[in-house]
$ cat coords-v6.pdb   # PDB, C-alpha atoms, pLDDT in the B column
ATOM      1  CA  MET A   1      -9.475  20.078 -30.738  1.00 75.00           C
ATOM      2  CA  ILE A   2      -6.077  21.175 -29.453  1.00 79.00           C
ATOM      3  CA  ALA A   3      -5.987  23.933 -26.827  1.00 73.00           C
ATOM      4  CA  LYS A   4      -2.802  25.802 -25.928  1.00 75.00           C
ATOM      5  CA  ILE A   5      -2.352  26.703 -22.265  1.00 74.00           C
ATOM      6  CA  ASN A   6       0.845  28.467 -21.204  1.00 74.00           C
ATOM      7  CA  ASN A   7       3.654  26.293 -22.605  1.00 79.00           C
ATOM      8  CA  PHE A   8       1.707  23.095 -23.197  1.00 83.00           C
ATOM      9  CA  GLU A   9      -1.129  21.683 -25.253  1.00 91.00           C
ATOM     10  CA  VAL A  10      -4.132  19.534 -24.382  1.00 92.00           C
ATOM     11  CA  ASP A  11      -6.340  17.583 -26.758  1.00 91.00           C
ATOM     12  CA  LEU A  12      -9.896  18.455 -25.716  1.00 92.00           C
ATOM     13  CA  SER A  13     -11.251  15.668 -27.926  1.00 93.00           C
ATOM     14  CA  LYS A  14      -9.767  13.040 -25.578  1.00 95.00           C
ATOM     15  CA  PRO A  15     -11.348  13.574 -22.143  1.00 97.00           C
ATOM     16  CA  ILE A  16     -10.674  11.157 -19.288  1.00 98.00           C
ATOM     17  CA  ASP A  17     -13.831  10.916 -17.186  1.00 98.00           C
ATOM     18  CA  ILE A  18     -13.055   9.986 -13.568  1.00 98.00           C
ATOM     19  CA  SER A  19     -16.622  10.273 -12.287  1.00 98.00           C
ATOM     20  CA  ILE A  20     -18.991   7.435 -11.395  1.00 98.00           C
ATOM     21  CA  SER A  21     -22.409   7.605 -13.012  1.00 96.00           C
ATOM     22  CA  LEU A  22     -25.564   7.688 -10.896  1.00 96.00           C
ATOM     23  CA  SER A  23     -28.297   5.141 -11.588  1.00 97.00           C
ATOM     24  CA  ASN A  24     -31.281   3.551  -9.870  1.00 97.00           C
ATOM     25  CA  THR A  25     -29.782   0.062 -10.133  1.00 97.00           C
ATOM     26  CA  ASP A  26     -28.090  -2.170  -7.596  1.00 96.00           C
ATOM     27  CA  GLU A  27     -24.804  -1.345  -9.348  1.00 97.00           C
ATOM     28  CA  ASN A  28     -24.848   2.196  -7.981  1.00 98.00           C
ATOM     29  CA  PRO A  29     -22.238   2.745  -5.236  1.00 98.00           C
ATOM     30  CA  ILE A  30     -23.667   3.589  -1.819  1.00 98.00           C
ATOM     31  CA  ALA A  31     -22.258   5.060   1.374  1.00 98.00           C
ATOM     32  CA  TRP A  32     -23.658   6.377   4.656  1.00 98.00           C
ATOM     33  CA  TYR A  33     -26.375   3.775   5.264  1.00 98.00           C
ATOM     34  CA  ILE A  34     -28.894   4.944   2.691  1.00 98.00           C
ATOM     35  CA  GLU A  35     -30.689   3.053  -0.077  1.00 97.00           C
ATOM     36  CA  LYS A  36     -29.986   3.300  -3.807  1.00 97.00           C
ATOM     37  CA  PRO A  37     -31.198   6.343  -5.774  1.00 98.00           C
ATOM     38  CA  VAL A  38     -34.740   6.469  -7.098  1.00 98.00           C
ATOM     39  CA  ILE A  39     -35.422   7.511 -10.699  1.00 98.00           C
ATOM     40  CA  GLU A  40     -39.092   7.208 -11.577  1.00 97.00           C
ATOM     41  CA  PRO A  41     -41.680   8.879 -13.831  1.00 97.00           C
ATOM     42  CA  VAL A  42     -44.002  11.543 -12.528  1.00 97.00           C
ATOM     43  CA  VAL A  43     -47.556  10.275 -12.097  1.00 96.00           C
ATOM     44  CA  PHE A  44     -50.666  12.495 -12.237  1.00 95.00           C
ATOM     45  CA  GLY A  45     -53.726  10.280 -11.857  1.00 93.00           C
ATOM     46  CA  ASP A  46     -53.757   8.007 -14.908  1.00 92.00           C
ATOM     47  CA  TRP A  47     -50.998   9.961 -16.630  1.00 95.00           C
ATOM     48  CA  ILE A  48     -47.462   8.508 -16.374  1.00 96.00           C
ATOM     49  CA  GLY A  49     -44.455  10.472 -17.576  1.00 97.00           C
ATOM     50  CA  LYS A  50     -42.954   7.602 -19.537  1.00 97.00           C
ATOM     51  CA  VAL A  51     -43.205   7.223 -23.310  1.00 97.00           C
ATOM     52  CA  SER A  52     -43.116   3.411 -23.181  1.00 96.00           C
ATOM     53  CA  GLU A  53     -46.250   3.414 -21.019  1.00 92.00           C
ATOM     54  CA  GLY A  54     -48.159   4.928 -23.952  1.00 88.00           C
ATOM     55  CA  LYS A  55     -49.606   7.870 -22.038  1.00 84.00           C
ATOM     56  CA  SER A  56     -46.911  10.505 -22.482  1.00 95.00           C
ATOM     57  CA  SER A  57     -45.042  12.106 -25.366  1.00 96.00           C
ATOM     58  CA  THR A  58     -42.017  12.648 -23.106  1.00 97.00           C
ATOM     59  CA  ASN A  59     -40.036  10.888 -20.413  1.00 97.00           C
ATOM     60  CA  PHE A  60     -40.510  13.008 -17.292  1.00 97.00           C
ATOM     61  CA  ASN A  61     -38.674  11.595 -14.274  1.00 98.00           C
ATOM     62  CA  ASN A  62     -38.199  12.607 -10.679  1.00 98.00           C
ATOM     63  CA  ILE A  63     -34.787  11.764  -9.256  1.00 98.00           C
ATOM     64  CA  PHE A  64     -34.184  11.246  -5.532  1.00 98.00           C
ATOM     65  CA  PHE A  65     -30.557  10.936  -4.484  1.00 98.00           C
ATOM     66  CA  ASN A  66     -28.001  12.051  -1.920  1.00 98.00           C
ATOM     67  CA  PRO A  67     -24.855  13.654  -3.367  1.00 98.00           C
ATOM     68  CA  HIS A  68     -22.658  12.454  -0.488  1.00 98.00           C
ATOM     69  CA  GLY A  69     -23.796   8.845  -0.558  1.00 98.00           C
ATOM     70  CA  HIS A  70     -24.649   8.034  -4.153  1.00 98.00           C
ATOM     71  CA  GLY A  71     -21.563   8.680  -6.255  1.00 97.00           C
ATOM     72  CA  THR A  72     -19.019  11.240  -7.361  1.00 98.00           C
ATOM     73  CA  HIS A  73     -19.634  14.573  -5.658  1.00 98.00           C
ATOM     74  CA  THR A  74     -17.835  17.816  -4.895  1.00 98.00           C
ATOM     75  CA  GLU A  75     -18.320  19.570  -1.579  1.00 98.00           C
ATOM     76  CA  CYS A  76     -17.340  22.885  -0.017  1.00 98.00           C
ATOM     77  CA  LEU A  77     -16.663  23.731   3.614  1.00 98.00           C
ATOM     78  CA  GLY A  78     -20.408  24.250   4.067  1.00 98.00           C
ATOM     79  CA  HIS A  79     -20.477  20.482   4.537  1.00 98.00           C
ATOM     80  CA  ILE A  80     -19.194  20.932   8.095  1.00 98.00           C
ATOM     81  CA  THR A  81     -20.060  24.512   9.123  1.00 98.00           C
ATOM     82  CA  ASN A  82     -22.908  25.941  11.157  1.00 97.00           C
ATOM     83  CA  ASP A  83     -23.465  28.728   8.639  1.00 97.00           C
ATOM     84  CA  PHE A  84     -24.605  27.915   5.113  1.00 98.00           C
ATOM     85  CA  TYR A  85     -22.043  27.821   2.312  1.00 98.00           C
ATOM     86  CA  SER A  86     -22.910  26.638  -1.174  1.00 98.00           C
ATOM     87  CA  ILE A  87     -20.689  24.681  -3.535  1.00 98.00           C
ATOM     88  CA  ASN A  88     -22.238  26.696  -6.370  1.00 98.00           C
ATOM     89  CA  GLN A  89     -20.949  29.914  -4.789  1.00 98.00           C
ATOM     90  CA  SER A  90     -17.621  28.507  -3.594  1.00 98.00           C
ATOM     91  CA  LEU A  91     -16.428  26.961  -6.868  1.00 98.00           C
ATOM     92  CA  LYS A  92     -16.109  29.732  -9.430  1.00 96.00           C
ATOM     93  CA  GLN A  93     -13.214  28.425 -11.537  1.00 96.00           C
ATOM     94  CA  PHE A  94     -13.317  25.066 -13.256  1.00 97.00           C
ATOM     95  CA  PHE A  95      -9.936  24.352 -14.844  1.00 96.00           C
ATOM     96  CA  PHE A  96      -6.901  23.461 -12.715  1.00 97.00           C
ATOM     97  CA  MET A  97      -3.461  21.970 -13.013  1.00 96.00           C
ATOM     98  CA  ALA A  98      -3.685  18.632 -11.229  1.00 98.00           C
ATOM     99  CA  GLU A  99      -1.382  15.846 -10.133  1.00 98.00           C
ATOM    100  CA  LEU A 100      -2.602  12.252 -10.093  1.00 98.00           C
ATOM    101  CA  ILE A 101      -0.878  10.046  -7.511  1.00 98.00           C
ATOM    102  CA  SER A 102      -1.406   6.420  -6.487  1.00 98.00           C
ATOM    103  CA  VAL A 103      -1.107   5.470  -2.825  1.00 98.00           C
ATOM    104  CA  GLU A 104      -1.521   2.198  -0.951  1.00 98.00           C
ATOM    105  CA  PRO A 105      -2.942   3.113   2.492  1.00 98.00           C
ATOM    106  CA  GLU A 106      -0.868   1.959   5.456  1.00 98.00           C
ATOM    107  CA  SER A 107      -2.193  -0.379   8.135  1.00 98.00           C
ATOM    108  CA  GLN A 108      -2.550   1.417  11.474  1.00 97.00           C
ATOM    109  CA  ASN A 109      -4.245  -0.591  14.210  1.00 94.00           C
ATOM    110  CA  ASP A 110      -7.462  -1.780  12.525  1.00 95.00           C
ATOM    111  CA  ASP A 111      -7.519   1.024   9.935  1.00 97.00           C
ATOM    112  CA  LEU A 112      -6.008   1.744   6.533  1.00 98.00           C
ATOM    113  CA  VAL A 113      -4.642   5.283   6.465  1.00 98.00           C
ATOM    114  CA  ILE A 114      -3.158   7.576   3.811  1.00 98.00           C
ATOM    115  CA  THR A 115      -0.259   9.359   5.503  1.00 98.00           C
ATOM    116  CA  LYS A 116       1.509  12.677   5.073  1.00 98.00           C
ATOM    117  CA  ASN A 117       4.740  10.949   4.057  1.00 98.00           C
ATOM    118  CA  GLN A 118       2.975   9.025   1.322  1.00 98.00           C
ATOM    119  CA  ILE A 119       1.439  12.191  -0.126  1.00 98.00           C
ATOM    120  CA  GLU A 120       4.661  14.160   0.155  1.00 98.00           C
ATOM    121  CA  ASN A 121       6.751  11.418  -1.458  1.00 98.00           C
ATOM    122  CA  ALA A 122       4.285  10.923  -4.298  1.00 98.00           C
ATOM    123  CA  LEU A 123       4.135  14.639  -5.132  1.00 97.00           C
ATOM    124  CA  LYS A 124       7.940  14.803  -5.388  1.00 94.00           C
ATOM    125  CA  GLY A 125       8.118  18.484  -4.577  1.00 94.00           C
ATOM    126  CA  SER A 126       5.297  19.600  -6.882  1.00 93.00           C
ATOM    127  CA  PHE A 127       2.413  21.629  -5.501  1.00 94.00           C
ATOM    128  CA  PRO A 128      -0.392  21.704  -8.085  1.00 97.00           C
ATOM    129  CA  GLU A 129      -3.742  23.437  -7.783  1.00 98.00           C
ATOM    130  CA  ALA A 130      -5.452  20.051  -7.412  1.00 98.00           C
ATOM    131  CA  ILE A 131      -4.418  16.615  -6.191  1.00 98.00           C
ATOM    132  CA  ILE A 132      -6.108  13.388  -7.278  1.00 98.00           C
ATOM    133  CA  ILE A 133      -5.526  10.393  -4.993  1.00 98.00           C
ATOM    134  CA  ARG A 134      -6.025   6.896  -6.410  1.00 98.00           C
ATOM    135  CA  THR A 135      -5.893   4.258  -3.675  1.00 98.00           C
ATOM    136  CA  LEU A 136      -4.350   0.851  -4.209  1.00 98.00           C
ATOM    137  CA  PRO A 137      -5.394  -1.802  -4.873  1.00 97.00           C
ATOM    138  CA  ASN A 138      -7.507  -0.105  -7.515  1.00 98.00           C
ATOM    139  CA  ASN A 139     -10.320  -2.611  -7.915  1.00 93.00           C
ATOM    140  CA  SER A 140     -13.061  -1.921 -10.450  1.00 94.00           C
ATOM    141  CA  ASP A 141     -15.684  -2.691  -7.784  1.00 96.00           C
ATOM    142  CA  LYS A 142     -15.211   0.894  -6.569  1.00 98.00           C
ATOM    143  CA  VAL A 143     -17.832   1.928  -9.122  1.00 98.00           C
ATOM    144  CA  SER A 144     -20.510  -0.182  -7.395  1.00 98.00           C
ATOM    145  CA  LYS A 145     -19.168  -0.720  -3.879  1.00 98.00           C
ATOM    146  CA  LYS A 146     -21.436  -0.640  -0.831  1.00 98.00           C
ATOM    147  CA  TYR A 147     -19.285   1.242   1.688  1.00 98.00           C
ATOM    148  CA  SER A 148     -21.582   1.365   4.722  1.00 98.00           C
ATOM    149  CA  HIS A 149     -20.099  -0.323   7.801  1.00 98.00           C
ATOM    150  CA  THR A 150     -16.885  -1.334   5.952  1.00 98.00           C
ATOM    151  CA  ASN A 151     -14.444   1.134   7.606  1.00 98.00           C
ATOM    152  CA  PRO A 152     -12.877   2.305   4.314  1.00 98.00           C
ATOM    153  CA  PRO A 153      -9.386   3.833   4.182  1.00 98.00           C
ATOM    154  CA  TYR A 154      -9.126   7.530   4.987  1.00 98.00           C
ATOM    155  CA  LEU A 155      -6.739  10.471   5.056  1.00 98.00           C
ATOM    156  CA  SER A 156      -4.754  11.225   8.202  1.00 98.00           C
ATOM    157  CA  GLU A 157      -5.111  14.668   9.757  1.00 98.00           C
ATOM    158  CA  GLU A 158      -1.391  15.276   9.151  1.00 98.00           C
ATOM    159  CA  ALA A 159      -1.809  14.474   5.459  1.00 98.00           C
ATOM    160  CA  ALA A 160      -4.708  16.918   5.174  1.00 98.00           C
ATOM    161  CA  ILE A 161      -2.706  19.612   6.973  1.00 98.00           C
ATOM    162  CA  PHE A 162       0.177  19.044   4.544  1.00 98.00           C
ATOM    163  CA  ILE A 163      -2.143  19.381   1.532  1.00 98.00           C
ATOM    164  CA  CYS A 164      -3.631  22.566   2.977  1.00 98.00           C
ATOM    165  CA  GLU A 165      -0.278  24.128   3.833  1.00 98.00           C
ATOM    166  CA  SER A 166       1.049  23.213   0.368  1.00 97.00           C
ATOM    167  CA  GLY A 167      -1.546  25.533  -1.152  1.00 98.00           C
ATOM    168  CA  ILE A 168      -3.376  22.749  -2.981  1.00 98.00           C
ATOM    169  CA  GLN A 169      -6.907  24.035  -3.434  1.00 98.00           C
ATOM    170  CA  HIS A 170      -8.788  20.965  -4.614  1.00 98.00           C
ATOM    171  CA  LEU A 171      -8.623  17.400  -3.329  1.00 99.00           C
ATOM    172  CA  LEU A 172     -10.098  14.466  -5.249  1.00 99.00           C
ATOM    173  CA  ILE A 173     -10.143  10.926  -3.868  1.00 98.00           C
ATOM    174  CA  ASP A 174     -11.689   7.547  -4.747  1.00 98.00           C
ATOM    175  CA  LEU A 175     -13.133   6.975  -1.270  1.00 98.00           C
ATOM    176  CA  PRO A 176     -16.528   7.910   0.241  1.00 98.00           C
ATOM    177  CA  SER A 177     -14.836  10.309   2.658  1.00 98.00           C
ATOM    178  CA  VAL A 178     -11.455  11.760   3.523  1.00 98.00           C
ATOM    179  CA  ASP A 179     -12.300  10.927   7.143  1.00 98.00           C
ATOM    180  CA  LYS A 180     -12.834   7.700   9.037  1.00 98.00           C
ATOM    181  CA  GLU A 181     -16.357   6.263   8.783  1.00 98.00           C
ATOM    182  CA  HIS A 182     -16.902   6.218  12.548  1.00 97.00           C
ATOM    183  CA  ASP A 183     -14.852   9.045  14.062  1.00 96.00           C
ATOM    184  CA  GLU A 184     -17.267  10.456  16.665  1.00 95.00           C
ATOM    185  CA  GLY A 185     -17.917  13.467  14.447  1.00 95.00           C
ATOM    186  CA  LYS A 186     -14.356  14.770  14.646  1.00 97.00           C
ATOM    187  CA  LEU A 187     -13.914  15.148  10.864  1.00 98.00           C
ATOM    188  CA  LEU A 188     -10.236  15.922  11.375  1.00 98.00           C
ATOM    189  CA  ALA A 189      -9.207  15.692   7.713  1.00 98.00           C
ATOM    190  CA  HIS A 190     -12.119  17.800   6.480  1.00 98.00           C
ATOM    191  CA  LYS A 191     -11.372  20.515   9.040  1.00 98.00           C
ATOM    192  CA  ALA A 192      -7.641  20.435   8.364  1.00 98.00           C
ATOM    193  CA  PHE A 193      -8.023  20.653   4.585  1.00 98.00           C
ATOM    194  CA  TRP A 194     -10.418  23.623   4.791  1.00 98.00           C
ATOM    195  CA  ASN A 195      -8.475  25.150   7.702  1.00 98.00           C
ATOM    196  CA  VAL A 196     -11.672  25.307   9.732  1.00 98.00           C
ATOM    197  CA  LYS A 197     -10.871  25.870  13.398  1.00 95.00           C
ATOM    198  CA  ASN A 198     -14.422  26.395  14.664  1.00 94.00           C
ATOM    199  CA  VAL A 199     -17.453  25.127  12.740  1.00 95.00           C
ATOM    200  CA  MET A 200     -19.749  27.484  14.666  1.00 95.00           C
ATOM    201  CA  HIS A 201     -17.809  30.688  13.935  1.00 93.00           C
ATOM    202  CA  LEU A 202     -15.748  30.438  10.764  1.00 95.00           C
ATOM    203  CA  ASN A 203     -12.226  31.804  11.002  1.00 95.00           C
ATOM    204  CA  GLU A 204     -11.170  34.436   8.441  1.00 95.00           C
ATOM    205  CA  ASP A 205      -8.436  32.242   6.941  1.00 97.00           C
ATOM    206  CA  ALA A 206     -10.734  29.268   6.289  1.00 97.00           C
ATOM    207  CA  ARG A 207     -10.451  28.078   2.689  1.00 98.00           C
ATOM    208  CA  ILE A 208     -13.887  28.991   1.370  1.00 97.00           C
ATOM    209  CA  ASN A 209     -13.017  28.386  -2.290  1.00 98.00           C
ATOM    210  CA  SER A 210     -11.373  24.994  -1.801  1.00 98.00           C
ATOM    211  CA  THR A 211     -13.220  21.762  -2.556  1.00 98.00           C
ATOM    212  CA  ILE A 212     -13.162  18.062  -1.785  1.00 99.00           C
ATOM    213  CA  THR A 213     -14.377  15.585  -4.403  1.00 98.00           C
ATOM    214  CA  GLU A 214     -15.085  12.054  -3.221  1.00 98.00           C
ATOM    215  CA  MET A 215     -16.037   8.718  -4.799  1.00 98.00           C
ATOM    216  CA  ILE A 216     -14.179   9.129  -8.077  1.00 98.00           C
ATOM    217  CA  PHE A 217     -12.708   6.236 -10.038  1.00 98.00           C
ATOM    218  CA  VAL A 218      -9.455   6.449 -12.005  1.00 98.00           C
ATOM    219  CA  ASN A 219      -8.869   3.526 -14.333  1.00 97.00           C
ATOM    220  CA  ASP A 220      -5.464   1.819 -14.155  1.00 97.00           C
ATOM    221  CA  GLU A 221      -4.819   2.834 -17.748  1.00 97.00           C
ATOM    222  CA  VAL A 222      -4.512   6.447 -16.589  1.00 98.00           C
ATOM    223  CA  LYS A 223      -0.915   6.953 -15.489  1.00 98.00           C
ATOM    224  CA  ASP A 224       0.240   8.982 -12.509  1.00 98.00           C
ATOM    225  CA  GLY A 225       1.384  12.458 -13.450  1.00 97.00           C
ATOM    226  CA  SER A 226       0.232  15.937 -14.399  1.00 96.00           C
ATOM    227  CA  TYR A 227      -3.127  16.660 -16.047  1.00 97.00           C
ATOM    228  CA  LEU A 228      -5.454  19.512 -16.788  1.00 97.00           C
ATOM    229  CA  LEU A 229      -8.554  19.047 -14.612  1.00 98.00           C
ATOM    230  CA  ASN A 230     -11.996  20.291 -15.534  1.00 98.00           C
ATOM    231  CA  LEU A 231     -14.116  20.086 -12.386  1.00 98.00           C
ATOM    232  CA  GLN A 232     -17.779  20.248 -13.369  1.00 97.00           C
ATOM    233  CA  ILE A 233     -20.704  20.511 -10.950  1.00 98.00           C
ATOM    234  CA  ALA A 234     -24.438  20.981 -11.210  1.00 97.00           C
ATOM    235  CA  SER A 235     -25.627  24.415 -10.040  1.00 97.00           C
ATOM    236  CA  PHE A 236     -27.027  23.307  -6.695  1.00 98.00           C
ATOM    237  CA  GLU A 237     -27.249  25.828  -3.851  1.00 98.00           C
ATOM    238  CA  ASN A 238     -26.166  23.137  -1.419  1.00 98.00           C
ATOM    239  CA  ASP A 239     -22.998  22.155   0.425  1.00 98.00           C
ATOM    240  CA  ALA A 240     -22.351  19.491  -2.233  1.00 98.00           C
ATOM    241  CA  SER A 241     -23.267  18.645  -5.795  1.00 98.00           C
ATOM    242  CA  PRO A 242     -22.912  15.579  -7.974  1.00 98.00           C
ATOM    243  CA  SER A 243     -19.896  16.278 -10.144  1.00 98.00           C
ATOM    244  CA  LYS A 244     -18.037  15.191 -13.248  1.00 98.00           C
ATOM    245  CA  PRO A 245     -14.268  15.692 -12.990  1.00 98.00           C
ATOM    246  CA  ILE A 246     -12.567  15.345 -16.357  1.00 98.00           C
ATOM    247  CA  LEU A 247      -8.819  14.997 -16.986  1.00 98.00           C
ATOM    248  CA  PHE A 248      -6.883  15.944 -20.108  1.00 97.00           C
ATOM    249  CA  GLU A 249      -3.383  14.738 -20.898  1.00 96.00           C
ATOM    250  CA  ILE A 250      -0.767  17.458 -21.143  1.00 94.00           C
ATOM    251  CA  LYS A 251       1.431  17.650 -24.211  1.00 86.00           C
ATOM    252  CA  LYS A 252       4.495  19.794 -23.595  1.00 73.00           C
TER
END
$ encode --input "coords-v6.pdb" --output "structure tokens"
Amino acid sequence: MIAKINNFEVDLSKPIDISISLSNTDENPIAWYIEKPVIEPVVFGDWIGKVSEGKSSTNFNNIFFNPHGHGTHTECLGHITNDFYSINQSLKQFFFMAELISVEPESQNDDLVITKNQIENALKGSFPEAIIIRTLPNNSDKVSKKYSHTNPPYLSEEAAIFICESGIQHLLIDLPSVDKEHDEGKLLAHKAFWNVKNVMHLNEDARINSTITEMIFVNDEVKDGSYLLNLQIASFENDASPSKPILFEIKK
């Protein structure tokens, strides 16, 4: 199916899924010191909600997971604020013009950091609605990596300020967080991106409708450049939801 948007076309029959699936196996990626997800049938006495057990006509599972630590997720500024904000209320549009860039984080002391200059140079003067950051090297183990206590790369505060001031509304990245794993709770990149000056009393110009999506994976076959992004979430009234960002190639 070909869709026409402004002066270009996209083939909706050729989606590029950049999400990581959630499973109850050891292959599931994990961050923030938790265990793997649990997916198991409901049990009522002798009754088990699993067809293969011979006692149910349906598979009827409970799923226990953490959106921040168990895979691709999209979060709103409610992730860091005293007052409650829901991703389901913050994200009301789902299609965006996006730019995919690849960046090799720079070594700074004992950290690997994505800098403002790297982001600015990669964007080459374009300011899309969404930016997708693929870090290099782009190893396939990102889809099953155990990130806890590994000090993954992160986004510098200056880079997040630049993204915010550029008017980019949605940030997607293949890391467990835009901030350093152990940062004493400063969350400088999160605050800068959402323009949150005080987490206890939200400033009027905070970016309530902007989102951060973490733990994506963009295959090397997908080239840097412009795409149509469909950012899909589950309707959770929570600061974050598991999500399924989909890219479509643009045909001008």
$ residues_around --input "coords-v6.pdb" --residues "Asp17 (chain A)" --least-positions-apart "3" --cutoff "7 Å" --atoms "all atoms listed in the file" --output "count of residues only"
3
$ resolve_selection --input "coords-v6.pdb" --expression "the PyMOL selection byres ((chain A and resi 97-102) around 7)" --output "list in words"
Phe96, Val103, Glu104, Ala122, Pro128, Glu129, Ala130, Ile131, Ile132, Ile133, Arg134, Thr135, Leu136, Asp224, Gly225, Ser226, Tyr227, Leu228 and Leu229 of chain A
$ closest_residue --input "coords-v6.pdb" --among "A:Glu214, A:Asp174, A:Glu249, A:Asp239" --to "Gly69 (chain A)" --atoms "all atoms listed in the file"
A:Glu214
$ residues_around --input "coords-v6.pdb" --residues "Asn138 (chain A)" --least-positions-apart "6" --cutoff "12 Å" --atoms "all atoms listed in the file" --output "VMD selection string"
chain A and resid 102 to 105 173 to 175 216 to 222
$ resolve_selection --input "coords-v6.pdb" --expression "the PyMOL selection byres ((chain A and resi 178) around 8)" --output "ChimeraX atom specification"
/A:154-155,173,175-177,179-180,189-190,214
$ atom_distance --input "coords-v6.pdb" --atom1 "CA of Asn28 (chain A)" --atom2 "CA of Ser107 (chain A)"
27.9 Å
$ resolve_selection --input "coords-v6.pdb" --expression "the PyMOL selection byres ((chain A and resi 80) around 8)" --output "PyMOL selection string"
chain A and resi 77-79+81-82+190-191+199
$ write_last_selection --input "coords-v6.pdb" --atoms "C-alpha atoms" --output "PDB file, in the coordinates of the input"
ATOM      1  CA  LEU A  77     -16.663  23.731   3.614  1.00 98.00           C
ATOM      2  CA  GLY A  78     -20.408  24.250   4.067  1.00 98.00           C
ATOM      3  CA  HIS A  79     -20.477  20.482   4.537  1.00 98.00           C
ATOM      4  CA  THR A  81     -20.060  24.512   9.123  1.00 98.00           C
ATOM      5  CA  ASN A  82     -22.908  25.941  11.157  1.00 97.00           C
ATOM      6  CA  HIS A 190     -12.119  17.800   6.480  1.00 98.00           C
ATOM      7  CA  LYS A 191     -11.372  20.515   9.040  1.00 98.00           C
ATOM      8  CA  VAL A 199     -17.453  25.127  12.740  1.00 95.00           C
TER       9      VAL A 199
END
$ closest_residue --input "coords-v6.pdb" --among "A:Phe60, A:Pro137, A:Glu27, A:Asn195" --to "Pro41 (chain A)" --atoms "all atoms listed in the file"
A:Phe60
$ closest_residue --input "coords-v6.pdb" --among "A:Val196, A:Ser156, A:Leu171, A:Asn203" --to "Asp183 (chain A)" --atoms "all atoms listed in the file"
A:Ser156
$ closest_residue --input "coords-v6.pdb" --among "A:Met1, A:Gln232, A:Trp47, A:Met215" --to "Lys146 (chain A)" --atoms "all atoms listed in the file"
A:Met215
$ atom_distance --input "coords-v6.pdb" --atom1 "CA of Val10 (chain A)" --atom2 "CA of Asn230 (chain A)"
11.9 Å
